[in-house]
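Trainee: See data32.tsv below, with TSV, C-alpha atoms.
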```
chain	number	residue	atom	x	y	z
F	891	MET	CA	35.35	2.86	-32.12
F	892	LYS	CA	33.54	6.03	-33.05
F	893	ARG	CA	30.43	3.96	-33.59
F	894	THR	CA	30.76	2.51	-30.12
F	895	THR	CA	31.01	5.98	-28.61
F	896	ILE	CA	27.93	7.09	-30.49
F	897	ALA	CA	26.09	3.98	-29.37
F	898	ILE	CA	27.03	4.63	-25.76
F	899	CYS	CA	25.92	8.26	-26.06
F	900	VAL	CA	22.58	7.22	-27.51
F	901	LEU	CA	22.10	4.65	-24.76
F	902	ALA	CA	23.05	7.16	-22.09
F	903	ALA	CA	20.62	9.72	-23.50
F	904	GLY	CA	17.87	7.12	-23.55
F	905	PHE	CA	18.62	6.20	-19.96
F	906	ALA	CA	18.63	9.83	-18.89
F	907	ALA	CA	15.25	10.41	-20.52
F	908	ASN	CA	13.76	7.54	-18.52
F	909	ALA	CA	15.43	8.44	-15.25
F	910	ALA	CA	13.06	9.64	-12.58
F	911	ASP	CA	13.16	13.25	-11.50
F	912	MET	CA	12.62	13.17	-7.74
F	913	GLU	CA	12.15	16.93	-7.43
F	914	ALA	CA	9.50	16.96	-10.13
F	915	GLY	CA	7.87	14.01	-8.40
F	916	LYS	CA	7.84	15.82	-5.09
F	917	LYS	CA	6.31	18.91	-6.66
F	918	LYS	CA	3.59	16.98	-8.47
F	919	ALA	CA	2.92	14.95	-5.31
F	920	ALA	CA	2.34	18.15	-3.36
F	921	GLU	CA	-0.09	19.34	-6.03
F	922	ILE	CA	-2.24	16.29	-6.54
F	923	CYS	CA	-1.49	13.44	-4.13
F	924	ALA	CA	-0.77	15.09	-0.79
F	925	ALA	CA	-4.35	16.06	0.07
F	926	CYS	CA	-5.23	12.38	0.59
F	927	HIS	CA	-1.96	10.45	0.84
F	928	GLY	CA	-0.04	13.06	2.83
F	929	PRO	CA	2.95	15.07	1.57
F	930	ASP	CA	5.32	12.13	2.03
F	931	GLY	CA	2.83	9.33	1.32
F	932	ASN	CA	2.05	8.55	4.95
F	933	SER	CA	-1.68	9.13	4.85
F	934	ALA	CA	-3.37	10.30	8.01
F	935	THR	CA	-6.44	8.07	7.76
F	936	ALA	CA	-7.21	4.53	6.67
F	937	ASP	CA	-9.46	5.81	3.88
F	938	PHE	CA	-6.30	6.26	1.84
F	939	PRO	CA	-3.43	3.78	1.70
F	940	ARG	CA	0.01	4.60	2.93
F	941	ILE	CA	2.25	4.71	-0.15
F	942	ALA	CA	5.50	5.98	1.38
F	943	GLY	CA	8.14	3.28	1.05
F	944	GLN	CA	6.07	1.19	-1.36
F	945	HIS	CA	7.88	-0.45	-4.26
F	946	PRO	CA	7.90	2.00	-7.20
F	947	ASP	CA	6.94	-0.65	-9.73
F	948	TYR	CA	3.91	-1.63	-7.66
F	949	LEU	CA	2.82	2.00	-7.41
F	950	ALA	CA	3.34	2.40	-11.16
F	951	LYS	CA	1.24	-0.67	-11.88
F	952	ALA	CA	-1.56	0.69	-9.68
F	953	LEU	CA	-1.48	4.05	-11.49
F	954	ARG	CA	-1.44	2.37	-14.92
F	955	ASP	CA	-4.38	0.17	-13.89
F	956	TYR	CA	-6.33	3.22	-12.72
F	957	LYS	CA	-5.55	4.89	-16.04
F	958	THR	CA	-6.74	1.96	-18.12
F	959	GLY	CA	-9.70	1.19	-15.88
F	960	ALA	CA	-8.38	-2.25	-14.93
F	961	ARG	CA	-8.60	-0.98	-11.37
F	962	LYS	CA	-11.61	1.11	-10.56
F	963	ASP	CA	-11.83	3.94	-8.10
F	964	PRO	CA	-13.77	7.11	-8.85
F	965	VAL	CA	-11.17	9.33	-7.18
F	966	MET	CA	-7.99	7.65	-8.38
F	967	SER	CA	-9.10	7.19	-11.97
F	968	GLY	CA	-9.61	10.93	-12.18
F	969	PHE	CA	-6.16	11.69	-10.80
F	970	ALA	CA	-4.34	9.01	-12.77
F	971	ALA	CA	-5.91	9.82	-16.15
F	972	PRO	CA	-3.80	12.90	-17.00
F	973	LEU	CA	-0.50	11.46	-15.72
F	974	THR	CA	2.18	10.87	-18.32
F	975	ARG	CA	4.65	8.01	-18.21
F	976	GLN	CA	7.27	10.43	-16.95
F	977	ASP	CA	4.91	11.74	-14.23
F	978	ILE	CA	4.37	8.19	-13.03
F	979	GLU	CA	8.10	7.56	-13.06
F	980	ASN	CA	8.75	10.71	-11.02
F	981	LEU	CA	5.92	10.24	-8.53
F	982	THR	CA	6.67	6.60	-7.81
F	983	ALA	CA	10.38	7.34	-7.39
F	984	TYR	CA	9.53	10.07	-4.90
F	985	PHE	CA	7.03	8.14	-2.78
F	986	SER	CA	9.03	4.92	-2.74
F	987	ALA	CA	12.02	6.81	-1.35
F	988	GLN	CA	10.10	8.20	1.65
F	989	PRO	CA	10.21	6.33	4.95
F	990	GLY	CA	6.93	4.51	5.56
F	991	LEU	CA	5.87	1.00	4.64
F	992	LYS	CA	8.20	-1.81	5.47
F	993	HIS	CA	8.67	-5.30	4.28
F	994	LYS	CA	7.23	-7.63	6.87
F	995	TYR	CA	7.71	-11.33	7.11
Q	171	MET	CA	-23.21	14.98	40.67
Q	172	ASN	CA	-19.53	14.37	40.63
Q	173	ARG	CA	-20.05	10.67	40.98
Q	174	LYS	CA	-22.58	10.67	38.15
Q	175	CYS	CA	-20.16	12.57	35.96
Q	176	THR	CA	-17.38	10.13	36.71
Q	177	LEU	CA	-19.66	7.22	35.94
Q	178	LEU	CA	-20.75	8.80	32.68
Q	179	LEU	CA	-17.14	9.45	31.72
Q	180	ALA	CA	-16.22	5.88	32.53
Q	181	VAL	CA	-19.06	4.56	30.39
Q	182	LEU	CA	-18.07	6.86	27.54
Q	183	ALA	CA	-14.44	5.87	27.85
Q	184	ALA	CA	-15.36	2.19	27.82
Q	185	ALA	CA	-17.57	2.70	24.76
Q	186	PHE	CA	-14.76	4.53	23.02
Q	187	ALA	CA	-12.27	1.79	23.86
Q	188	VAL	CA	-14.63	-0.83	22.47
Q	189	SER	CA	-15.30	1.09	19.27
Q	190	ALA	CA	-11.60	1.85	18.82
Q	191	SER	CA	-10.69	-1.81	19.08
Q	192	ALA	CA	-13.61	-2.71	16.83
Q	193	ALA	CA	-12.29	-0.28	14.23
Q	194	GLU	CA	-8.88	-1.88	14.44
Q	195	GLY	CA	-10.77	-5.12	14.67
Q	196	GLY	CA	-8.18	-7.82	14.54
Q	197	ASP	CA	-5.85	-9.80	16.70
Q	198	ALA	CA	-2.29	-9.40	15.45
Q	199	GLN	CA	-1.10	-12.60	17.13
Q	200	ALA	CA	-3.87	-14.59	15.47
Q	201	GLY	CA	-3.07	-12.82	12.21
Q	202	GLN	CA	0.54	-13.88	12.41
Q	203	SER	CA	-0.48	-17.52	12.64
Q	204	LYS	CA	-2.73	-17.08	9.59
Q	205	ALA	CA	-0.11	-15.27	7.51
Q	206	ALA	CA	1.59	-18.40	6.15
Q	207	MET	CA	-0.35	-18.15	2.89
Q	208	CYS	CA	0.70	-14.52	2.49
Q	209	GLN	CA	4.36	-14.99	3.17
Q	210	GLY	CA	5.16	-16.97	0.05
Q	211	CYS	CA	4.93	-13.67	-1.80
Q	212	HIS	CA	4.65	-10.79	0.68
Q	213	GLY	CA	7.21	-12.34	3.02
Q	214	ILE	CA	10.00	-12.07	0.47
Q	215	ASP	CA	11.15	-8.48	0.02
Q	216	GLY	CA	11.28	-7.65	-3.66
Q	217	TYR	CA	9.32	-10.75	-4.71
Q	218	ARG	CA	8.00	-10.26	-8.22
Q	219	MET	CA	4.76	-11.24	-9.86
Q	220	ALA	CA	5.79	-12.79	-13.16
Q	221	TYR	CA	2.49	-13.01	-15.01
Q	222	PRO	CA	0.78	-11.28	-16.75
Q	223	GLU	CA	2.89	-8.28	-15.68
Q	224	VAL	CA	6.19	-8.13	-13.84
Q	225	TYR	CA	6.17	-5.98	-10.73
Q	226	ARG	CA	7.06	-6.37	-7.10
Q	227	VAL	CA	4.25	-7.38	-4.77
Q	228	PRO	CA	3.40	-4.56	-2.37
Q	229	ARG	CA	4.98	-4.03	1.00
Q	230	LEU	CA	2.32	-4.44	3.67
Q	231	GLY	CA	4.17	-3.69	6.90
Q	232	GLY	CA	2.72	-0.56	8.47
Q	233	GLN	CA	-0.27	-0.23	6.12
Q	234	HIS	CA	-3.51	0.99	7.71
Q	235	PRO	CA	-5.36	-2.15	8.88
Q	236	ALA	CA	-8.72	-0.86	7.69
Q	237	TYR	CA	-7.26	-0.31	4.22
Q	238	LEU	CA	-5.89	-3.85	4.13
Q	239	VAL	CA	-9.34	-5.20	5.04
Q	240	LYS	CA	-10.88	-3.07	2.31
Q	241	ALA	CA	-8.39	-4.44	-0.23
Q	242	LEU	CA	-9.03	-8.06	0.80
Q	243	GLN	CA	-12.80	-7.51	0.62
Q	244	ALA	CA	-12.38	-5.99	-2.85
Q	245	TYR	CA	-10.41	-9.03	-4.03
Q	246	LYS	CA	-12.95	-11.40	-2.51
Q	247	GLY	CA	-15.88	-9.57	-4.05
Q	248	GLY	CA	-14.19	-9.16	-7.41
Q	249	ALA	CA	-13.98	-5.36	-7.39
Q	250	ARG	CA	-10.20	-5.77	-7.59
Q	251	SER	CA	-8.88	-8.37	-9.95
Q	252	ASN	CA	-5.77	-10.37	-9.34
Q	253	ALA	CA	-6.12	-14.12	-9.80
Q	254	THR	CA	-3.87	-15.05	-6.89
Q	255	MET	CA	-5.26	-12.53	-4.45
Q	256	ARG	CA	-8.81	-13.38	-5.42
Q	257	ALA	CA	-8.24	-17.09	-4.81
Q	258	ILE	CA	-6.68	-16.41	-1.43
Q	259	ALA	CA	-9.17	-13.79	-0.27
Q	260	ALA	CA	-12.09	-16.02	-1.27
Q	261	HIS	CA	-11.33	-18.30	1.67
Q	262	LEU	CA	-10.85	-15.59	4.27
Q	263	SER	CA	-13.56	-14.78	6.79
Q	264	ASP	CA	-14.09	-11.24	8.06
Q	265	LYS	CA	-12.27	-12.26	11.23
Q	266	ASP	CA	-9.32	-13.66	9.24
Q	267	MET	CA	-9.07	-10.41	7.30
Q	268	ALA	CA	-9.17	-8.31	10.46
Q	269	ASP	CA	-6.52	-10.48	12.13
Q	270	LEU	CA	-4.20	-10.40	9.09
Q	271	ALA	CA	-4.68	-6.65	8.76
Q	272	ALA	CA	-3.81	-6.17	12.42
Q	273	TYR	CA	-0.68	-8.26	11.94
Q	274	TYR	CA	0.54	-6.44	8.84
Q	275	GLY	CA	-0.63	-3.07	10.11
Q	276	THR	CA	2.12	-2.97	12.69
Q	277	ALA	CA	5.40	-2.32	10.97
Q	278	SER	CA	7.51	-4.34	13.36
Q	279	THR	CA	7.11	-8.05	13.84
Q	280	VAL	CA	4.83	-9.15	16.64
Q	281	THR	CA	7.26	-11.50	18.29
Q	282	ALA	CA	11.02	-11.78	18.17
Q	283	THR	CA	10.70	-15.26	16.73
Q	284	ALA	CA	8.60	-14.07	13.80
Q	285	LYS	CA	11.65	-14.06	11.56
```
For this file, write the structure as structure tokens.
Mentor:
Amino acid sequence: MKRTTIAICVLAAGFAANAADMEAGKKKAAEICAACHGPDGNSATADFPRIAGQHPDYLAKALRDYKTGARKDPVMSGFAAPLTRQDIENLTAYFSAQPGLKHKY
Amino acid sequence: MNRKCTLLLAVLAAAFAVSASAAEGGDAQAGQSKAAMCQGCHGIDGYRMAYPEVYRVPRLGGQHPAYLVKALQAYKGGARSNATMRAIAAHLSDKDMADLAAYYGTASTVTATAK
């Protein structure tokens, strides 16, 4: 029983560590993303994609691909390079929660 | 003088209207009829790519049309690599891309029967 409790605590701690921090995401977004994508991810011009309301896992994949060079863009590779896994988690949670893109059939 | 001014303004306005529609480029109605090949993935909210990575395909509704065209061109030309998107974009003409972008660029569906 005690072992189960410990196991649950460990699992909960692991989950908490991975959980996205929306406030941190918002702050980081204001610092590095907002100039092009807009403060909430609704970019003002077509030069930059709208990312508000996009699926977080799609945004995370894009950032990872920019980091590894699988996707090439001189601007985005520079911004993505220093992002940690937690940064990506926070940023994508923030932008995906903003009203913007919609699923369209 | 006044008449000349009016004429000049009209010409300018017409030129602007033409360039604005050229920038938008596409015909959303035509795009809707060409979207069948997109809907198998992008038409299902939350649809996941399963290989080589698992992630949801992007939402397109409301994206800037010019950005969508840029993405399709990048897939077609190979600057962006995704096997499925490359195969699909390879067969799209510039007009097809513009029409599809116009369709997806508006967040709401074009006709009530689109569902």
Trainee: What lies within 7 Å of region 207-213 of chain Q using all atoms listed in the file, ignoring chain neighbours under 5 positions off, as a list in words?
Mentor: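 Contacts, with the query itself left out: Lys994 and Tyr995 of chain F; Val227 and Arg229 of chain Q.
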Trainee: Just the number, please: distance in Å from CA of Thr935 (chain F) to CA of Ala198 (chain Q), one decimal.
Mentor: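 Separation between CA of Thr935 (chain F) and CA of Ala198 (chain Q): 19.5 Å.
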Trainee: Which residues, written as a PDB file with C-alpha atoms, keeping the file's coordinate frame, have at least one atom at most 12 Å from Thr982 (chain F), with all atoms listed in the file counted and residues fewer than 5 positions away on the same chain left out?
Mentor:
```pdb
ATOM      1  CA  ALA F 909      15.430   8.440 -15.250  1.00  0.00           C
ATOM      2  CA  ALA F 910      13.060   9.640 -12.580  1.00  0.00           C
ATOM      3  CA  ASP F 911      13.160  13.250 -11.500  1.00  0.00           C
ATOM      4  CA  MET F 912      12.620  13.170  -7.740  1.00  0.00           C
ATOM      5  CA  GLU F 913      12.150  16.930  -7.430  1.00  0.00           C
ATOM      6  CA  ALA F 914       9.500  16.960 -10.130  1.00  0.00           C
ATOM      7  CA  GLY F 915       7.870  14.010  -8.400  1.00  0.00           C
ATOM      8  CA  LYS F 916       7.840  15.820  -5.090  1.00  0.00           C
ATOM      9  CA  LYS F 918       3.590  16.980  -8.470  1.00  0.00           C
ATOM     10  CA  ALA F 919       2.920  14.950  -5.310  1.00  0.00           C
ATOM     11  CA  CYS F 923      -1.490  13.440  -4.130  1.00  0.00           C
ATOM     12  CA  ASP F 930       5.320  12.130   2.030  1.00  0.00           C
ATOM     13  CA  GLY F 931       2.830   9.330   1.320  1.00  0.00           C
ATOM     14  CA  ILE F 941       2.250   4.710  -0.150  1.00  0.00           C
ATOM     15  CA  ALA F 942       5.500   5.980   1.380  1.00  0.00           C
ATOM     16  CA  GLY F 943       8.140   3.280   1.050  1.00  0.00           C
ATOM     17  CA  GLN F 944       6.070   1.190  -1.360  1.00  0.00           C
ATOM     18  CA  HIS F 945       7.880  -0.450  -4.260  1.00  0.00           C
ATOM     19  CA  PRO F 946       7.900   2.000  -7.200  1.00  0.00           C
ATOM     20  CA  ASP F 947       6.940  -0.650  -9.730  1.00  0.00           C
ATOM     21  CA  TYR F 948       3.910  -1.630  -7.660  1.00  0.00           C
ATOM     22  CA  LEU F 949       2.820   2.000  -7.410  1.00  0.00           C
ATOM     23  CA  ALA F 950       3.340   2.400 -11.160  1.00  0.00           C
ATOM     24  CA  LYS F 951       1.240  -0.670 -11.880  1.00  0.00           C
ATOM     25  CA  ALA F 952      -1.560   0.690  -9.680  1.00  0.00           C
ATOM     26  CA  LEU F 953      -1.480   4.050 -11.490  1.00  0.00           C
ATOM     27  CA  ARG F 954      -1.440   2.370 -14.920  1.00  0.00           C
ATOM     28  CA  LEU F 973      -0.500  11.460 -15.720  1.00  0.00           C
ATOM     29  CA  ARG F 975       4.650   8.010 -18.210  1.00  0.00           C
ATOM     30  CA  GLN F 976       7.270  10.430 -16.950  1.00  0.00           C
ATOM     31  CA  ASP F 977       4.910  11.740 -14.230  1.00  0.00           C
ATOM     32  CA  ALA F 987      12.020   6.810  -1.350  1.00  0.00           C
ATOM     33  CA  GLN F 988      10.100   8.200   1.650  1.00  0.00           C
TER      34      GLN F 988
END
```
Trainee: Do you have the CA of Leu270 (chain Q)-CA of Met255 (chain Q) distance handy?
Mentor: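 Taking CA of Leu270 (chain Q) and CA of Met255 (chain Q), their separation equals 13.7 Å.
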Trainee: Just the number, please: distance in Å from CA of Ser933 (chain F) to CA of Ala220 (chain Q), one decimal.
Mentor: 29.3 Å
Trainee: Mind listing as a ChimeraX atom specification which residues of chain Q are within 6 Å of chain F, counting all atoms listed in the file?
Mentor: /Q:213,215,225-226,229,231-234,236-237
Trainee: Produce the centre coordinates and the three edge lengths, each in Å to one decimal, of the box along x, y and z that contains all listed atoms of region 928-944 of chain F with 3 Å added on each side, as JSON.
Mentor:
```
{"center_x": -0.7, "center_y": 8.1, "center_z": 3.3, "size_x": 23.6, "size_y": 19.9, "size_z": 15.4}
```
Trainee: Need the shell around His261 (chain Q): protein/DNA/RNA residues with any atom at most 12 Å away, counting all atoms listed in the file. Skip same-chain ones fewer than 3 positions apart. Format as an mmCIF file with C-alpha atoms, keeping the file's coordinate frame?
Mentor:
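The resulting file, result.cif, is shown below:
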```cif
data_model
loop_
_atom_site.group_PDB
_atom_site.id
_atom_site.type_symbol
_atom_site.label_atom_id
_atom_site.label_comp_id
_atom_site.auth_asym_id
_atom_site.auth_seq_id
_atom_site.Cartn_x
_atom_site.Cartn_y
_atom_site.Cartn_z
ATOM 1 C CA LYS Q 204 -2.730 -17.080 9.590
ATOM 2 C CA MET Q 207 -0.350 -18.150 2.890
ATOM 3 C CA LEU Q 242 -9.030 -8.060 0.800
ATOM 4 C CA GLN Q 243 -12.800 -7.510 0.620
ATOM 5 C CA TYR Q 245 -10.410 -9.030 -4.030
ATOM 6 C CA LYS Q 246 -12.950 -11.400 -2.510
ATOM 7 C CA GLY Q 247 -15.880 -9.570 -4.050
ATOM 8 C CA THR Q 254 -3.870 -15.050 -6.890
ATOM 9 C CA MET Q 255 -5.260 -12.530 -4.450
ATOM 10 C CA ARG Q 256 -8.810 -13.380 -5.420
ATOM 11 C CA ALA Q 257 -8.240 -17.090 -4.810
ATOM 12 C CA ILE Q 258 -6.680 -16.410 -1.430
ATOM 13 C CA ASP Q 264 -14.090 -11.240 8.060
ATOM 14 C CA LYS Q 265 -12.270 -12.260 11.230
ATOM 15 C CA ASP Q 266 -9.320 -13.660 9.240
ATOM 16 C CA MET Q 267 -9.070 -10.410 7.300
#
```
